[in-house]
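Heads up, final30.tsv below (TSV, C-alpha atoms):
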chain	number	residue	atom	x	y	z
K	76	MET	CA	75.47	159.04	63.12
K	77	THR	CA	72.78	156.59	64.25
K	78	VAL	CA	72.87	156.00	67.99
K	79	LYS	CA	72.74	152.31	68.82
K	80	PRO	CA	70.09	150.85	71.15
K	81	GLN	CA	72.67	149.95	73.80
K	82	THR	CA	73.38	153.70	74.12
K	83	ARG	CA	69.82	154.97	73.65
K	84	ILE	CA	68.42	152.75	76.38
K	85	PHE	CA	70.09	154.88	79.07
K	86	SER	CA	68.36	158.11	78.10
K	87	HIS	CA	65.37	157.25	75.93
K	88	GLY	CA	61.90	157.51	77.44
K	89	TYR	CA	62.79	159.20	80.73
K	90	ASP	CA	63.25	162.90	81.52
K	91	PRO	CA	64.98	163.28	84.92
K	92	GLN	CA	63.74	166.86	85.24
K	93	ARG	CA	60.16	165.61	85.49
K	94	SER	CA	61.18	163.66	88.61
K	95	GLU	CA	63.20	166.21	90.60
K	96	GLY	CA	66.34	165.40	88.59
K	97	ALA	CA	66.49	161.78	89.78
K	98	ALA	CA	69.09	159.90	87.72
K	99	VAL	CA	66.84	156.85	87.64
K	100	PRO	CA	63.03	156.91	87.82
K	101	PRO	CA	61.43	156.79	91.25
K	102	VAL	CA	58.75	154.18	91.91
K	103	PHE	CA	55.25	155.67	91.70
K	104	ARG	CA	53.30	153.54	94.17
K	105	THR	CA	49.94	155.17	93.80
K	106	SER	CA	46.61	153.73	92.75
K	107	THR	CA	45.05	156.91	91.40
K	108	PHE	CA	46.13	160.22	89.87
K	109	ILE	CA	44.71	163.73	90.29
K	110	PHE	CA	43.42	165.62	87.26
K	111	LYS	CA	44.11	169.33	86.79
K	112	THR	CA	40.66	169.90	85.30
K	113	ALA	CA	37.49	167.95	84.57
K	114	ALA	CA	38.13	168.37	80.84
K	115	GLU	CA	41.54	166.71	81.26
K	116	GLY	CA	39.90	163.78	83.02
K	117	LYS	CA	37.27	163.45	80.29
K	118	ARG	CA	39.93	163.38	77.59
K	119	ALA	CA	42.02	160.80	79.46
K	120	PHE	CA	39.07	158.40	79.64
K	121	GLU	CA	38.19	158.91	75.98
K	122	ILE	CA	41.62	157.60	75.07
K	123	ALA	CA	41.83	154.89	77.74
K	124	TYR	CA	38.50	153.34	76.69
K	125	GLY	CA	39.23	153.58	72.97
K	126	LEU	CA	36.51	156.17	72.36
K	127	ASP	CA	39.05	158.33	70.53
K	128	CYS	CA	42.68	158.07	69.42
K	129	PRO	CA	45.45	160.28	70.81
K	130	LYS	CA	46.31	163.21	68.59
K	131	ALA	CA	49.86	163.64	67.29
K	132	GLY	CA	52.13	164.57	70.19
K	133	GLU	CA	49.33	164.24	72.75
K	134	SER	CA	50.25	162.74	76.11
K	135	PRO	CA	47.04	161.76	77.90
K	136	ALA	CA	46.75	162.31	81.63
K	137	LEU	CA	47.37	159.47	84.05
K	138	ILE	CA	44.20	157.95	85.47
K	139	TYR	CA	44.63	154.85	87.61
K	140	THR	CA	47.43	152.28	87.78
K	141	ARG	CA	45.26	149.57	86.22
K	142	VAL	CA	45.17	151.86	83.16
K	143	ASN	CA	48.53	153.63	83.23
K	144	ASN	CA	51.34	154.51	85.59
K	145	PRO	CA	54.56	156.55	85.17
K	146	ASN	CA	56.78	153.49	85.69
K	147	SER	CA	54.86	151.47	83.10
K	148	GLU	CA	54.94	154.33	80.61
K	149	ILE	CA	58.68	154.93	81.09
K	150	LEU	CA	59.35	151.24	80.46
K	151	GLU	CA	57.01	151.14	77.46
K	152	ASP	CA	58.82	154.12	75.94
K	153	LYS	CA	62.24	152.58	76.56
K	154	VAL	CA	61.75	148.94	75.61
K	155	VAL	CA	60.91	149.67	71.96
K	156	VAL	CA	64.42	150.87	71.07
K	157	TRP	CA	65.73	147.48	69.86
K	158	ASP	CA	62.65	146.39	67.92
K	159	GLY	CA	61.89	149.80	66.44
K	160	ALA	CA	58.23	149.60	67.43
K	161	GLU	CA	56.05	152.69	67.72
K	162	ALA	CA	54.51	151.64	71.01
K	163	ALA	CA	54.51	148.98	73.72
K	164	ALA	CA	52.12	147.74	76.39
K	165	LEU	CA	53.24	146.18	79.68
K	166	PHE	CA	51.36	143.26	81.26
K	167	SER	CA	51.37	141.36	84.53
K	168	SER	CA	52.67	138.22	82.78
K	169	GLY	CA	53.58	136.86	79.37
K	170	MET	CA	50.25	135.05	79.28
K	171	GLY	CA	48.54	138.35	80.10
K	172	ALA	CA	50.16	139.83	77.01
K	173	ILE	CA	49.24	136.82	74.85
K	174	SER	CA	45.64	136.47	75.97
K	175	SER	CA	44.88	140.20	75.98
K	176	THR	CA	46.39	140.65	72.51
K	177	CYS	CA	44.44	137.73	71.05
K	178	LEU	CA	41.17	138.87	72.62
K	179	ALA	CA	41.73	142.39	71.31
K	180	PHE	CA	41.66	141.17	67.70
K	181	LEU	CA	39.61	137.95	67.66
K	182	LYS	CA	35.84	137.60	67.80
K	183	PRO	CA	33.50	134.59	67.62
K	184	GLY	CA	33.71	133.04	64.18
K	185	ASP	CA	37.33	134.05	63.61
K	186	THR	CA	40.20	131.58	63.14
K	187	LEU	CA	43.68	131.69	64.62
K	188	LEU	CA	46.48	129.71	62.99
K	189	PHE	CA	49.40	128.92	65.28
K	190	SER	CA	52.81	127.34	64.88
K	191	ASP	CA	53.15	124.09	66.79
K	192	PRO	CA	54.60	123.66	69.38
K	193	VAL	CA	54.26	126.80	71.46
K	194	TYR	CA	54.74	127.51	75.16
K	195	GLY	CA	52.50	125.24	77.24
K	196	GLY	CA	50.32	128.05	78.61
K	197	THR	CA	49.82	129.45	75.12
K	198	GLU	CA	48.99	125.99	73.80
K	199	TYR	CA	46.35	125.52	76.52
K	200	PHE	CA	44.83	128.92	75.79
K	201	PHE	CA	44.64	128.17	72.07
K	202	ARG	CA	43.40	124.58	72.20
K	203	ARG	CA	41.12	124.74	75.23
K	204	VAL	CA	40.07	128.32	76.03
K	205	LEU	CA	39.55	130.20	72.76
K	206	PRO	CA	37.32	127.46	71.25
K	207	GLN	CA	34.91	128.00	74.16
K	208	PHE	CA	34.29	131.46	72.69
K	209	ASN	CA	33.67	130.03	69.20
K	210	ILE	CA	37.14	131.06	68.03
K	211	ARG	CA	38.64	128.28	65.94
K	212	THR	CA	42.35	127.51	66.40
K	213	ILE	CA	44.36	125.46	63.90
K	214	PRO	CA	47.97	124.36	64.51
K	215	PHE	CA	50.57	124.09	61.76
K	216	PRO	CA	54.03	122.55	62.28
K	217	ALA	CA	56.76	125.03	63.15
K	218	GLY	CA	58.92	125.50	60.09
K	219	THR	CA	56.06	124.90	57.66
K	220	PRO	CA	57.09	126.21	54.20
K	221	ARG	CA	55.31	129.32	52.92
K	222	GLU	CA	53.49	127.44	50.15
K	223	GLU	CA	52.04	124.93	52.61
K	224	LEU	CA	50.97	127.66	55.03
K	225	GLU	CA	49.23	129.40	52.12
K	226	ARG	CA	46.83	126.44	51.83
K	227	PHE	CA	45.45	127.31	55.26
K	228	VAL	CA	45.04	131.00	54.49
K	229	LYS	CA	43.65	131.06	50.97
K	230	THR	CA	40.89	128.52	51.62
K	231	ASP	CA	39.64	130.01	54.89
K	232	PRO	CA	38.28	133.58	54.86
K	233	THR	CA	37.84	133.48	58.65
K	234	VAL	CA	41.59	133.50	59.38
K	235	LYS	CA	42.28	136.64	61.43
K	236	VAL	CA	45.56	135.95	63.23
K	237	ILE	CA	48.66	133.97	62.29
K	238	TYR	CA	50.47	133.36	65.56
K	239	ILE	CA	54.12	132.34	65.46
K	240	GLU	CA	56.50	131.41	68.24
K	241	SER	CA	60.01	131.37	66.77
K	242	PRO	CA	62.08	129.54	67.84
K	243	ALA	CA	59.42	127.10	69.00
K	244	ASN	CA	59.35	126.11	72.65
K	245	PRO	CA	60.94	123.61	73.24
K	246	THR	CA	61.97	122.15	69.86
K	247	MET	CA	63.82	125.33	68.76
K	248	MET	CA	62.30	125.14	65.26
K	249	LEU	CA	62.15	128.47	63.44
K	250	SER	CA	59.05	129.54	61.52
K	251	ASP	CA	58.89	131.69	58.40
K	252	ILE	CA	57.84	135.09	59.76
K	253	ARG	CA	58.52	136.88	56.49
K	254	GLY	CA	56.50	134.33	54.51
K	255	ALA	CA	53.57	134.50	56.94
K	256	SER	CA	53.60	138.30	56.77
K	257	GLU	CA	53.54	138.22	52.97
K	258	LEU	CA	50.61	135.81	53.02
K	259	ALA	CA	48.74	137.93	55.55
K	260	ALA	CA	49.15	140.99	53.34
K	261	ALA	CA	48.12	139.10	50.21
K	262	TYR	CA	44.92	137.62	51.68
K	263	SER	CA	43.82	140.53	53.86
K	264	ARG	CA	40.69	142.40	52.80
K	265	GLU	CA	39.75	146.00	53.41
K	266	ASP	CA	37.31	144.90	56.10
K	267	HIS	CA	39.34	141.94	57.39
K	268	LYS	CA	43.05	142.46	57.96
K	269	ILE	CA	45.00	139.33	58.86
K	270	LEU	CA	47.51	140.04	61.63
K	271	VAL	CA	50.82	138.28	62.21
K	272	VAL	CA	51.65	138.03	65.91
K	273	VAL	CA	55.09	136.75	66.94
K	274	ASP	CA	56.27	135.55	70.34
K	275	ASN	CA	59.89	136.75	70.20
K	276	THR	CA	60.87	135.77	73.75
K	277	PHE	CA	63.64	133.28	72.93
K	278	MET	CA	65.73	135.41	70.53
K	279	GLY	CA	64.62	138.98	70.82
K	280	PRO	CA	65.01	141.76	70.88
K	281	ILE	CA	68.76	141.32	70.30
K	282	PHE	CA	68.93	138.46	67.80
K	283	SER	CA	65.56	138.69	66.01
K	284	LYS	CA	63.42	141.64	64.90
K	285	PRO	CA	60.05	140.40	63.58
K	286	LEU	CA	58.69	143.87	62.78
K	287	GLU	CA	61.40	144.20	60.14
K	288	LEU	CA	60.13	140.91	58.66
K	289	GLY	CA	56.57	142.26	58.36
K	290	ALA	CA	55.02	141.12	61.65
K	291	ASP	CA	52.28	143.30	63.14
K	292	VAL	CA	52.68	142.59	66.86
K	293	ILE	CA	55.59	141.23	68.90
K	294	LEU	CA	55.01	139.56	72.25
K	295	TYR	CA	57.50	138.92	75.05
K	296	SER	CA	57.48	137.17	78.33
K	297	ALA	CA	59.37	139.97	80.07
K	298	THR	CA	59.95	137.51	82.89
K	299	LYS	CA	62.71	136.08	80.73
K	300	PHE	CA	65.56	138.08	79.15
K	301	LEU	CA	64.01	141.55	79.53
K	302	GLY	CA	63.81	141.11	83.30
K	303	GLY	CA	66.67	138.66	83.27
K	304	HIS	CA	67.09	138.01	86.99
K	305	SER	CA	64.27	135.54	87.81
K	306	ASP	CA	62.77	138.06	90.23
K	307	LEU	CA	59.64	139.24	88.39
K	308	VAL	CA	56.78	138.10	86.18
K	309	ALA	CA	55.62	140.31	83.30
K	310	GLY	CA	54.79	140.50	79.60
K	311	VAL	CA	55.08	143.06	76.80
K	312	ALA	CA	53.28	143.61	73.49
K	313	MET	CA	54.78	145.87	70.81
K	314	GLY	CA	53.74	147.17	67.42
K	315	SER	CA	52.20	150.20	65.76
K	316	ALA	CA	50.61	152.84	67.97
K	317	ALA	CA	47.21	151.99	66.50
K	318	LEU	CA	47.40	148.26	67.24
K	319	VAL	CA	48.95	148.70	70.68
K	320	GLY	CA	46.22	151.23	71.46
K	321	GLN	CA	43.61	148.53	70.85
K	322	ILE	CA	45.58	146.09	73.00
K	323	LYS	CA	45.76	148.63	75.82
K	324	VAL	CA	41.98	149.05	75.81
K	325	MET	CA	41.60	145.28	76.29
K	326	ARG	CA	44.29	145.40	78.99
K	327	THR	CA	42.35	148.09	80.83
K	328	ILE	CA	39.14	146.08	80.82
K	329	LEU	CA	40.74	142.72	81.68
K	330	GLY	CA	42.94	144.28	84.35
K	331	SER	CA	46.12	142.65	83.05
K	332	ASN	CA	48.43	145.64	83.51
K	333	SER	CA	51.57	145.22	85.62
K	334	ASP	CA	52.55	147.06	88.79
K	335	PRO	CA	55.02	149.96	89.20
K	336	ASP	CA	57.63	147.94	91.09
K	337	THR	CA	57.80	145.32	88.34
K	338	ALA	CA	58.05	148.02	85.67
K	339	TRP	CA	60.90	149.62	87.61
K	340	LEU	CA	62.76	146.31	87.90
K	341	ILE	CA	62.49	145.65	84.16
K	342	GLN	CA	63.73	149.12	83.18
K	343	ARG	CA	66.62	148.59	85.59
K	344	SER	CA	67.53	145.43	83.68
K	345	LEU	CA	67.37	146.90	80.17
K	346	GLY	CA	70.82	148.49	80.42
K	347	THR	CA	72.44	145.06	80.67
K	348	LEU	CA	70.06	143.18	78.35
K	349	GLN	CA	72.33	143.15	75.30
K	350	LEU	CA	75.44	142.37	77.34
K	351	ARG	CA	73.72	139.49	79.12
K	352	MET	CA	72.26	137.96	75.98
K	353	GLU	CA	75.54	138.17	74.08
K	354	GLN	CA	77.49	136.54	76.91
K	355	GLN	CA	74.86	133.84	77.38
K	356	GLN	CA	74.98	133.14	73.65
K	357	ALA	CA	78.78	132.82	73.72
K	358	SER	CA	78.53	130.20	76.47
K	359	ALA	CA	75.68	128.39	74.72
K	360	LEU	CA	77.77	127.98	71.56
K	361	ARG	CA	80.51	126.25	73.57
K	362	ILE	CA	77.98	123.98	75.29
K	363	VAL	CA	76.39	123.03	71.96
K	364	ASP	CA	79.81	122.05	70.63
K	365	PHE	CA	80.26	119.79	73.66
K	366	LEU	CA	76.81	118.20	73.42
K	367	ARG	CA	77.02	117.52	69.67
K	368	THR	CA	79.80	114.97	70.13
K	369	HIS	CA	78.84	113.44	73.48
K	370	PRO	CA	78.14	109.69	73.19
K	371	LYS	CA	75.09	109.88	75.50
K	372	VAL	CA	73.42	112.67	73.49
K	373	GLN	CA	71.15	111.60	70.63
K	374	CYS	CA	70.61	115.05	69.06
K	375	VAL	CA	70.89	118.78	69.74
K	376	ALA	CA	68.39	121.44	68.62
K	377	TYR	CA	69.86	124.93	68.39
K	378	PRO	CA	69.15	127.76	65.93
K	379	GLY	CA	71.73	128.13	63.16
K	380	SER	CA	73.09	124.63	63.63
K	381	PRO	CA	73.49	122.68	60.36
K	382	ALA	CA	72.00	119.71	62.19
K	383	MET	CA	68.62	121.49	62.07
K	384	GLY	CA	68.53	121.01	58.27
K	385	GLU	CA	68.96	123.22	55.22
K	386	ALA	CA	65.53	124.85	55.42
K	387	GLN	CA	66.03	125.80	59.07
K	388	THR	CA	69.53	127.10	58.39
K	389	ALA	CA	68.18	129.26	55.56
K	390	LEU	CA	65.46	130.67	57.80
K	391	TRP	CA	68.00	131.41	60.51
K	392	LYS	CA	70.24	133.31	58.09
K	393	ASP	CA	67.28	135.34	56.84
K	394	GLN	CA	65.62	136.10	60.17
K	395	CYS	CA	68.22	136.10	62.92
K	396	THR	CA	71.46	137.85	63.81
K	397	GLY	CA	72.45	135.38	66.50
K	398	THR	CA	71.76	131.95	67.92
K	399	GLY	CA	70.56	132.75	71.43
K	400	SER	CA	71.10	130.79	74.62
K	401	ILE	CA	68.31	128.20	74.74
K	402	ILE	CA	69.31	124.63	73.89
K	403	ALA	CA	67.20	121.50	73.56
K	404	PHE	CA	68.89	118.12	73.48
K	405	CYS	CA	67.75	114.53	73.59
K	406	VAL	CA	69.63	111.98	75.64
K	407	LYS	CA	69.92	108.38	74.52
K	408	GLY	CA	67.09	106.58	76.26
K	409	GLY	CA	63.78	107.89	77.57
K	410	GLU	CA	62.28	109.70	80.52
K	411	THR	CA	64.28	107.66	83.05
K	412	GLU	CA	67.61	108.69	81.50
K	413	ALA	CA	66.51	112.31	81.13
K	414	PHE	CA	65.51	112.42	84.80
K	415	ARG	CA	68.90	111.01	85.82
K	416	VAL	CA	70.62	113.90	84.08
K	417	LEU	CA	68.24	116.47	85.57
K	418	ASP	CA	68.70	115.09	89.07
K	419	ALA	CA	72.49	114.98	88.75
K	420	VAL	CA	73.29	118.56	87.69
K	421	ARG	CA	74.97	120.71	90.35
K	422	HIS	CA	75.45	124.19	88.90
K	423	MET	CA	72.26	124.34	86.84
K	424	LYS	CA	68.93	124.82	88.58
K	425	LEU	CA	66.14	122.31	87.92
K	426	ALA	CA	63.36	124.78	87.20
K	427	VAL	CA	61.11	126.05	84.44
K	428	SER	CA	61.45	129.51	82.89
K	429	LEU	CA	64.49	130.79	81.04
K	430	GLY	CA	66.53	133.87	80.22
K	431	GLY	CA	67.78	134.52	83.75
K	432	ILE	CA	71.35	135.07	84.88
K	433	GLU	CA	71.44	131.54	86.28
K	434	SER	CA	71.31	128.43	84.09
K	435	LEU	CA	68.03	126.53	84.24
K	436	ILE	CA	67.27	123.03	83.02
K	437	GLU	CA	63.93	121.19	82.74
K	438	HIS	CA	61.97	118.33	81.17
K	439	PRO	CA	59.41	119.77	78.71
K	440	SER	CA	57.30	116.64	78.28
K	441	SER	CA	56.46	116.29	81.97
K	442	MET	CA	56.74	119.95	83.00
K	443	THR	CA	56.13	122.94	80.73
K	444	HIS	CA	54.18	120.94	78.11
K	445	SER	CA	52.64	118.31	80.36
K	446	ASP	CA	49.05	119.26	79.48
K	447	MET	CA	49.52	118.17	75.85
K	448	THR	CA	48.20	114.75	74.88
K	449	PRO	CA	50.71	112.09	73.82
K	450	GLU	CA	49.48	112.53	70.24
K	451	GLU	CA	49.96	116.32	70.38
K	452	LYS	CA	53.47	115.89	71.80
K	453	ALA	CA	54.39	113.39	69.11
K	454	GLN	CA	53.11	115.69	66.38
K	455	ALA	CA	55.06	118.63	67.83
K	456	GLY	CA	58.28	116.64	68.28
K	457	ILE	CA	58.34	116.75	72.08
K	458	THR	CA	59.83	113.46	73.27
K	459	ASP	CA	60.34	111.92	76.71
K	460	ASN	CA	64.12	112.06	76.32
K	461	MET	CA	64.20	115.80	75.55
K	462	VAL	CA	65.84	118.25	77.94
K	463	ARG	CA	65.67	122.05	77.63
K	464	MET	CA	68.44	124.25	78.97
K	465	SER	CA	68.63	128.01	79.38
K	466	VAL	CA	72.28	129.08	79.61
K	467	GLY	CA	73.06	131.69	82.24
K	468	LEU	CA	76.14	133.67	83.18
K	469	GLU	CA	78.12	130.99	85.00
K	470	ASP	CA	81.52	130.05	83.62
K	471	ALA	CA	80.93	128.04	80.43
K	472	GLN	CA	83.56	125.43	81.23
K	473	ASP	CA	81.99	124.81	84.64
K	474	LEU	CA	78.63	124.23	82.97
K	475	ILE	CA	80.20	121.82	80.48
K	476	ALA	CA	81.85	119.90	83.30
K	477	ASP	CA	78.51	119.79	85.10
K	478	LEU	CA	76.74	118.37	82.07
K	479	ALA	CA	79.55	115.87	81.54
K	480	GLN	CA	79.21	114.41	85.02
K	481	ALA	CA	75.41	114.41	84.79
K	482	LEU	CA	75.43	112.64	81.41
K	483	GLY	CA	77.86	110.16	82.96
K	484	THR	CA	75.05	108.87	85.17
K	485	ILE	CA	73.25	107.24	82.24
Kindly return the structure encoded in the file as structure tokens.
Amino acid sequence: MTVKPQTRIFSHGYDPQRSEGAAVPPVFRTSTFIFKTAAEGKRAFEIAYGLDCPKAGESPALIYTRVNNPNSEILEDKVVVWDGAEAAALFSSGMGAISSTCLAFLKPGDTLLFSDPVYGGTEYFFRRVLPQFNIRTIPFPAGTPREELERFVKTDPTVKVIYIESPANPTMMLSDIRGASELAAAYSREDHKILVVVDNTFMGPIFSKPLELGADVILYSATKFLGGHSDLVAGVAMGSAALVGQIKVMRTILGSNSDPDTAWLIQRSLGTLQLRMEQQQASALRIVDFLRTHPKVQCVAYPGSPAMGEAQTALWKDQCTGTGSIIAFCVKGGETEAFRVLDAVRHMKLAVSLGGIESLIEHPSSMTHSDMTPEEKAQAGITDNMVRMSVGLEDAQDLIADLAQALGTI
């Protein structure tokens, strides 16, 4: 019988007998590690700097916490159980994971295609930072059909990475991961493999598994659901051992690894990850039902909802096993009316981020995506009357009542 991830997470990746029988891992607050022999140290650096690949079953020695640490390695071994990845790499932030992964695979003259919109920090990195290194970045609308995306790929031999954030932040539009993966495989050359990189923060790893759809690398802001308690900042990259090995070399050089305390906090949270996400989803479904019929709400964006259109519904059925707990809705009016709602909520916290045990609510246009130009926002579908909500673990009816009184102010 196959053991489910919710069971495996409690024993996978950690041997208590290697830590004096401790039921949970201790925190290894040390900067450096002592080698048994000089040869062991030499071999550890060969692997850490990408001079050689680990052999089957080889566990390289620990070197220095910027490179590796027991807490990071325990977490990296554990966190793959839902996605089925061969390996994972922990970072000091979601942006650390995104930037280090992109820089590991892109060089001057390469092109990155990315679904639009994406998280504001990612968008800034793509539009304003990568071009400074002669790396071209081209946006395509989230939800672009496979045949339209193919036009970008088949006419441009410099495309190296197709980057997808699905659902898109904050419009909740799904993108065709399977289609992008098929295109990447079809147009890759022996000397130029096109990689599909997916930010799976909003739905995964419980409700979406991009590796099963053909993606090469999955990225997470571990600050969100993986950590889940709004008390840490971290990121994770997952994929094949070969690809993650390349990412780890870039992480070592850029110094974007996380710290042992953060790794410990995330592995502490993994045991409740599935339970939290399922409960948050159950509450979100009730809130969506309320918002859909409220007279002060213009529209609601939520994965799986028929209101998203037939193409989006079809993508959701193909790619997802749930709907998640992030909701975007537009109030009737503009920024003034949206601000009234945001200022009136009592149980929800007016703050950016998402995926925590408390409900958070924010205004994407003036907060998380404020660096985008008005033209870029319009093209991405980010309007002044849009509100984004991350549903927490409060009582669902209390949250509905809170939204009702806040919407009553406009």
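The interatomic distance for the pair atom CA of Arg415 of chain K and atom CA of Phe277 of chain K works out to 26.3 Å.
Across K:Gln454, K:Thr105, K:Ser428, K:Thr398, the tightest approach to Ser190 of chain K is made by K:Gln454 when counting only C-alpha atoms.
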Legend entry - Nearest candidate to Thr276 of chain K (options K:Ser175, K:Ser358, K:Asn209, K:Ser400; using only C-alpha atoms): K:Ser400
Inset, instruction - List every protein, DNA or RNA residue with an atom no more than 6 Å from (55.7, 132.9, 63.1) in the file's coordinates, counting only C-alpha atoms, and format the result as a PyMOL selection string. - result: chain K and resi 238-241+250-252+273
Inset, instruction - Find the residue from K:Pro370, K:Gly302, K:Pro183, K:Gly320 that sits nearest to Ile485 of chain K; use only C-alpha atoms when measuring. - result: K:Pro370
Inset, instruction - Take atom CA of Ala338 of chain K and atom CA of Met278 of chain K and report the distance between them in Å, one decimal. - result: 21.1 Å
Legend entry - Computed interatomic separation between atom CA of Leu318 of chain K and atom CA of Val292 of chain K (Å):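 One can read the atom CA of Leu318 of chain K to atom CA of Val292 of chain K distance as 7.8 Å.
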Legend entry - Nearby residues, (49.1, 151.7, 68.6) file frame, 10 Å, all atoms listed in the file, as a VMD selection string: chain K and resid 128 to 129 160 to 164 292 313 to 323
Can you spit out the residues from that selection as a PDB file, in the frame of the given file, using C-alpha atoms?
ATOM      1  CA  CYS K 128      42.680 158.070  69.420  1.00  0.00           C
ATOM      2  CA  PRO K 129      45.450 160.280  70.810  1.00  0.00           C
ATOM      3  CA  ALA K 160      58.230 149.600  67.430  1.00  0.00           C
ATOM      4  CA  GLU K 161      56.050 152.690  67.720  1.00  0.00           C
ATOM      5  CA  ALA K 162      54.510 151.640  71.010  1.00  0.00           C
ATOM      6  CA  ALA K 163      54.510 148.980  73.720  1.00  0.00           C
ATOM      7  CA  ALA K 164      52.120 147.740  76.390  1.00  0.00           C
ATOM      8  CA  VAL K 292      52.680 142.590  66.860  1.00  0.00           C
ATOM      9  CA  MET K 313      54.780 145.870  70.810  1.00  0.00           C
ATOM     10  CA  GLY K 314      53.740 147.170  67.420  1.00  0.00           C
ATOM     11  CA  SER K 315      52.200 150.200  65.760  1.00  0.00           C
ATOM     12  CA  ALA K 316      50.610 152.840  67.970  1.00  0.00           C
ATOM     13  CA  ALA K 317      47.210 151.990  66.500  1.00  0.00           C
ATOM     14  CA  LEU K 318      47.400 148.260  67.240  1.00  0.00           C
ATOM     15  CA  VAL K 319      48.950 148.700  70.680  1.00  0.00           C
ATOM     16  CA  GLY K 320      46.220 151.230  71.460  1.00  0.00           C
ATOM     17  CA  GLN K 321      43.610 148.530  70.850  1.00  0.00           C
ATOM     18  CA  ILE K 322      45.580 146.090  73.000  1.00  0.00           C
ATOM     19  CA  LYS K 323      45.760 148.630  75.820  1.00  0.00           C
TER      20      LYS K 323
END
Inset, instruction - For Glu451 of chain K, list every protein, DNA or RNA residue within 12 Å, evaluated using only C-alpha atoms, and leave out those in the same chain fewer than 2 positions away; present the list as a count of residues only. - result: 23
Legend entry - Selected residue of minimal separation from Thr140 of chain K among K:Gly330, K:Gly399, K:Gly430, K:Gly184, counting only C-alpha atoms: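 So, comparing all the options, the nearest one is K:Gly330.
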Inset, instruction - Identify which of the residues K:Ala113, K:Cys177, K:Ile281, K:Ala359 lies closest to Gln472 of chain K, counting all atoms listed in the file when measuring atom-to-atom distances. - result: K:Ala359
List the spatial neighbours of Lys182 of chain K as a PDB file with C-alpha atoms, in the frame of the given file - criterion: any atom at most 10 Å away, all atoms listed in the file, same-chain residues fewer than 6 positions off excluded.
ATOM      1  CA  LEU K 205      39.550 130.200  72.760  1.00  0.00           C
ATOM      2  CA  PHE K 208      34.290 131.460  72.690  1.00  0.00           C
ATOM      3  CA  ASN K 209      33.670 130.030  69.200  1.00  0.00           C
ATOM      4  CA  ILE K 210      37.140 131.060  68.030  1.00  0.00           C
ATOM      5  CA  ARG K 211      38.640 128.280  65.940  1.00  0.00           C
ATOM      6  CA  LYS K 235      42.280 136.640  61.430  1.00  0.00           C
TER       7      LYS K 235
END
Legend entry - All residues 12 Å or closer to Gln373 of chain K, only C-alpha atoms, same chain fewer than 4 positions away omitted, as an NGL selection string: :K and (366-369 or 382 or 403-409 or 412-413 or 458 or 460-462 or 482)
Inset, instruction - Find the residues around Arg326 of chain K up to 12 Å (all atoms listed in the file counted), leave out those fewer than 2 positions away in its own chain, and share them as a PyMOL selection string. - result: chain K and resi 123-125+140-143+164-168+170-179+310-312+319-324+328-333
Inset, instruction - Using all atoms listed in the file, pick whichever of K:Pro206, K:Gly346, K:Gly196, K:Gly159 has the shortest atom-to-atom distance to Leu286 of chain K. - result: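 Among K:Pro206, K:Gly346, K:Gly196, K:Gly159, it is K:Gly159 that comes nearest to Leu286 of chain K.
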Legend entry - Selection: 7 Å around Lys153 of chain K, only C-alpha atoms, excl. self and same-chain fewer than 3 positions, as a VMD selection string: chain K and resid 84 87 to 88 149 to 150 156
